[in-house]
$ cat start06.cif   # mmCIF, C-alpha atoms, pLDDT in the B column; chains and numbers go by the auth columns
data_target
loop_
_atom_site.group_PDB
_atom_site.id
_atom_site.type_symbol
_atom_site.label_atom_id
_atom_site.label_comp_id
_atom_site.label_asym_id
_atom_site.label_seq_id
_atom_site.Cartn_x
_atom_site.Cartn_y
_atom_site.Cartn_z
_atom_site.B_iso_or_equiv
_atom_site.auth_seq_id
_atom_site.auth_asym_id
ATOM 1 C CA MET A 1 180.722 84.515 107.338 47.00 1 P
ATOM 2 C CA GLY A 2 180.264 82.044 110.163 61.00 2 P
ATOM 3 C CA ILE A 3 179.766 78.307 110.104 77.00 3 P
ATOM 4 C CA ALA A 4 176.234 76.981 110.578 81.00 4 P
ATOM 5 C CA ASP A 5 177.106 73.304 111.107 89.00 5 P
ATOM 6 C CA THR A 6 175.153 71.064 113.461 92.00 6 P
ATOM 7 C CA TRP A 7 177.160 68.468 115.382 92.00 7 P
ATOM 8 C CA GLU A 8 176.043 65.884 117.932 91.00 8 P
ATOM 9 C CA PHE A 9 178.148 64.138 120.581 92.00 9 P
ATOM 10 C CA ASP A 10 177.088 60.637 121.661 92.00 10 P
ATOM 11 C CA GLY A 11 179.462 60.469 124.627 94.00 11 P
ATOM 12 C CA VAL A 12 182.312 59.009 122.561 97.00 12 P
ATOM 13 C CA ASP A 13 182.333 60.537 119.066 96.00 13 P
ATOM 14 C CA TRP A 14 181.158 63.679 117.286 96.00 14 P
ATOM 15 C CA GLN A 15 178.961 63.298 114.208 95.00 15 P
ATOM 16 C CA GLN A 16 178.106 66.074 111.751 94.00 16 P
ATOM 17 C CA LEU A 17 174.378 66.165 111.011 94.00 17 P
ATOM 18 C CA ALA A 18 172.477 67.582 108.035 92.00 18 P
ATOM 19 C CA PRO A 19 169.136 68.943 109.283 93.00 19 P
ATOM 20 C CA VAL A 20 166.654 70.172 106.670 91.00 20 P
ATOM 21 C CA LEU A 21 166.122 73.442 108.541 90.00 21 P
ATOM 22 C CA ALA A 22 168.708 75.263 110.681 90.00 22 P
ATOM 23 C CA PRO A 23 169.381 78.709 112.167 89.00 23 P
ATOM 24 C CA LEU A 24 171.796 81.018 110.392 84.00 24 P
ATOM 25 C CA ALA A 25 175.430 81.039 111.506 83.00 25 P
ATOM 26 C CA ARG A 26 175.986 83.120 114.650 84.00 26 P
ATOM 27 C CA HIS A 27 178.124 83.685 117.721 81.00 27 P
ATOM 28 C CA GLY A 28 177.366 85.104 121.143 82.00 28 P
ATOM 29 C CA HIS A 29 174.184 83.049 121.367 85.00 29 P
ATOM 30 C CA GLY A 30 172.808 81.256 124.402 84.00 30 P
ATOM 31 C CA MET A 31 172.192 77.526 124.286 88.00 31 P
ATOM 32 C CA CYS A 32 171.110 74.970 126.867 90.00 32 P
ATOM 33 C CA PHE A 33 169.463 71.557 127.144 90.00 33 P
ATOM 34 C CA ASP A 34 165.899 71.295 128.439 90.00 34 P
ATOM 35 C CA PRO A 35 165.786 67.786 129.992 91.00 35 P
ATOM 36 C CA GLY A 36 162.036 67.967 130.612 91.00 36 P
ATOM 37 C CA ARG A 37 161.347 68.191 126.882 90.00 37 P
ATOM 38 C CA ALA A 38 164.597 66.588 125.642 91.00 38 P
ATOM 39 C CA ARG A 39 165.412 69.592 123.456 92.00 39 P
ATOM 40 C CA VAL A 40 168.309 71.980 123.021 91.00 40 P
ATOM 41 C CA VAL A 41 167.209 75.630 123.007 89.00 41 P
ATOM 42 C CA LEU A 42 169.199 78.248 121.059 88.00 42 P
ATOM 43 C CA PHE A 43 168.534 81.930 121.746 85.00 43 P
ATOM 44 C CA VAL A 44 169.545 85.103 119.850 79.00 44 P
ATOM 45 C CA GLY A 45 173.173 85.891 118.921 77.00 45 P
ATOM 46 C CA THR A 46 175.092 87.952 116.413 75.00 46 P
ATOM 47 C CA GLY A 47 175.594 87.156 112.733 77.00 47 P
ATOM 48 C CA SER A 48 177.817 88.671 110.079 75.00 48 P
ATOM 49 C CA PHE A 49 175.794 91.870 109.747 75.00 49 P
ATOM 50 C CA SER A 50 173.023 91.771 112.346 77.00 50 P
ATOM 51 C CA GLN A 51 171.851 90.696 115.777 78.00 51 P
ATOM 52 C CA PHE A 52 169.252 87.936 115.886 78.00 52 P
ATOM 53 C CA ARG A 53 166.027 88.028 117.912 79.00 53 P
ATOM 54 C CA ASP A 54 165.071 84.417 117.268 84.00 54 P
ATOM 55 C CA THR A 55 164.717 81.219 119.279 88.00 55 P
ATOM 56 C CA TRP A 56 165.265 77.703 117.905 91.00 56 P
ATOM 57 C CA GLU A 57 164.888 74.198 119.328 94.00 57 P
ATOM 58 C CA TRP A 58 166.813 71.079 118.341 94.00 58 P
ATOM 59 C CA ASN A 59 164.609 67.984 118.680 92.00 59 P
ATOM 60 C CA GLY A 60 167.331 65.464 117.868 90.00 60 P
ATOM 61 C CA THR A 61 166.534 65.453 114.158 92.00 61 P
ATOM 62 C CA ASN A 62 165.851 69.004 113.050 93.00 62 P
ATOM 63 C CA TRP A 63 166.007 72.645 114.151 94.00 63 P
ATOM 64 C CA ILE A 64 162.568 74.174 114.704 93.00 64 P
ATOM 65 C CA PRO A 65 162.006 77.948 114.884 92.00 65 P
ATOM 66 C CA VAL A 66 159.982 78.882 117.968 91.00 66 P
ATOM 67 C CA ALA A 67 157.233 81.484 117.592 86.00 67 P
ATOM 68 C CA LEU A 68 157.036 83.522 120.786 78.00 68 P
ATOM 69 C CA ALA A 69 154.105 85.779 121.733 79.00 69 P
ATOM 70 C CA VAL A 70 156.594 88.334 123.063 78.00 70 P
ATOM 71 C CA GLN A 71 159.947 88.453 121.302 73.00 71 P
ATOM 72 C CA PRO A 72 162.858 89.684 123.462 71.00 72 P
ATOM 73 C CA PRO A 73 165.203 92.366 122.139 71.00 73 P
ATOM 74 C CA ALA A 74 168.250 91.413 120.099 67.00 74 P
ATOM 75 C CA TYR A 75 171.324 90.577 122.143 65.00 75 P
ATOM 76 C CA GLY A 76 174.950 90.461 121.088 66.00 76 P
ATOM 77 C CA THR A 77 175.806 87.991 123.849 73.00 77 P
ATOM 78 C CA ALA A 78 173.447 85.676 125.729 72.00 78 P
ATOM 79 C CA THR A 79 173.812 83.140 128.515 73.00 79 P
ATOM 80 C CA MET A 80 171.333 80.386 129.330 73.00 80 P
ATOM 81 C CA ALA A 81 170.799 77.729 131.974 71.00 81 P
ATOM 82 C CA ASP A 82 168.060 75.217 132.665 73.00 82 P
ATOM 83 C CA ASP A 83 166.211 75.579 135.944 70.00 83 P
#
$ encode --input "start06.cif" --output "structure tokens"
Amino acid sequence: MGIADTWEFDGVDWQQLAPVLAPLARHGHGMCFDPGRARVVLFVGTGSFSQFRDTWEWNGTNWIPVALAVQPPAYGTATMADD
């Protein structure tokens, strides 16, 4: 079983946060910061027994699941970048 912690770095120290809602523990996911919307986007990944097809956004307080009109296939490893 993986760890599903949420941590935030303020430029000096790390702080563990306790959001009300959060994605399940995973690895091999893609994650990047969207500066235009000031959100971190998390995409797919692999859990203990399955591959995820979900997308989440961190708004600085909580993780929010994103409902997409077209859901991409599950990936075991993803890479992301902001453009």
$ closest_residue --input "start06.cif" --among "P:Thr79, P:Thr61, P:Thr46, P:Gln71" --to "Leu24 (chain P)" --atoms "all atoms listed in the file"
P:Thr46
$ residues_around --input "start06.cif" --residues "region 2-9 of chain P" --least-positions-apart "4" --cutoff "10 Å" --atoms "all atoms listed in the file" --output "ChimeraX atom specification"
/P:13-19,22-27,47-48,58,60,62-63
$ residues_near_point --input "start06.cif" --point "(166.3, 73.8, 134.8)" --cutoff "10 Å" --atoms "all atoms listed in the file" --output "list in words"
Cys32, Phe33, Asp34, Pro35, Gly36, Met80, Ala81, Asp82 and Asp83 of chain P
$ resolve_selection --input "start06.cif" --expression "the PyMOL selection byres ((chain P and resi 56) around 9)" --output "PDB file with C-alpha atoms, keeping the file's coordinate frame"
ATOM      1  CA  ALA P  22     168.708  75.263 110.681  1.00 90.00           C
ATOM      2  CA  PRO P  23     169.381  78.709 112.167  1.00 89.00           C
ATOM      3  CA  VAL P  40     168.309  71.980 123.021  1.00 91.00           C
ATOM      4  CA  VAL P  41     167.209  75.630 123.007  1.00 89.00           C
ATOM      5  CA  LEU P  42     169.199  78.248 121.059  1.00 88.00           C
ATOM      6  CA  PHE P  43     168.534  81.930 121.746  1.00 85.00           C
ATOM      7  CA  VAL P  44     169.545  85.103 119.850  1.00 79.00           C
ATOM      8  CA  ASP P  54     165.071  84.417 117.268  1.00 84.00           C
ATOM      9  CA  THR P  55     164.717  81.219 119.279  1.00 88.00           C
ATOM     10  CA  GLU P  57     164.888  74.198 119.328  1.00 94.00           C
ATOM     11  CA  TRP P  58     166.813  71.079 118.341  1.00 94.00           C
ATOM     12  CA  TRP P  63     166.007  72.645 114.151  1.00 94.00           C
ATOM     13  CA  ILE P  64     162.568  74.174 114.704  1.00 93.00           C
ATOM     14  CA  PRO P  65     162.006  77.948 114.884  1.00 92.00           C
ATOM     15  CA  VAL P  66     159.982  78.882 117.968  1.00 91.00           C
ATOM     16  CA  ALA P  67     157.233  81.484 117.592  1.00 86.00           C
TER      17      ALA P  67
END
$ closest_residue --input "start06.cif" --among "P:Asn59, P:Gly11, P:Thr77, P:Leu68" --to "Arg37 (chain P)" --atoms "only C-alpha atoms"
P:Asn59
$ atom_distance --input "start06.cif" --atom1 "CA of Gly28 (chain P)" --atom2 "CA of Arg53 (chain P)"
12.1 Å
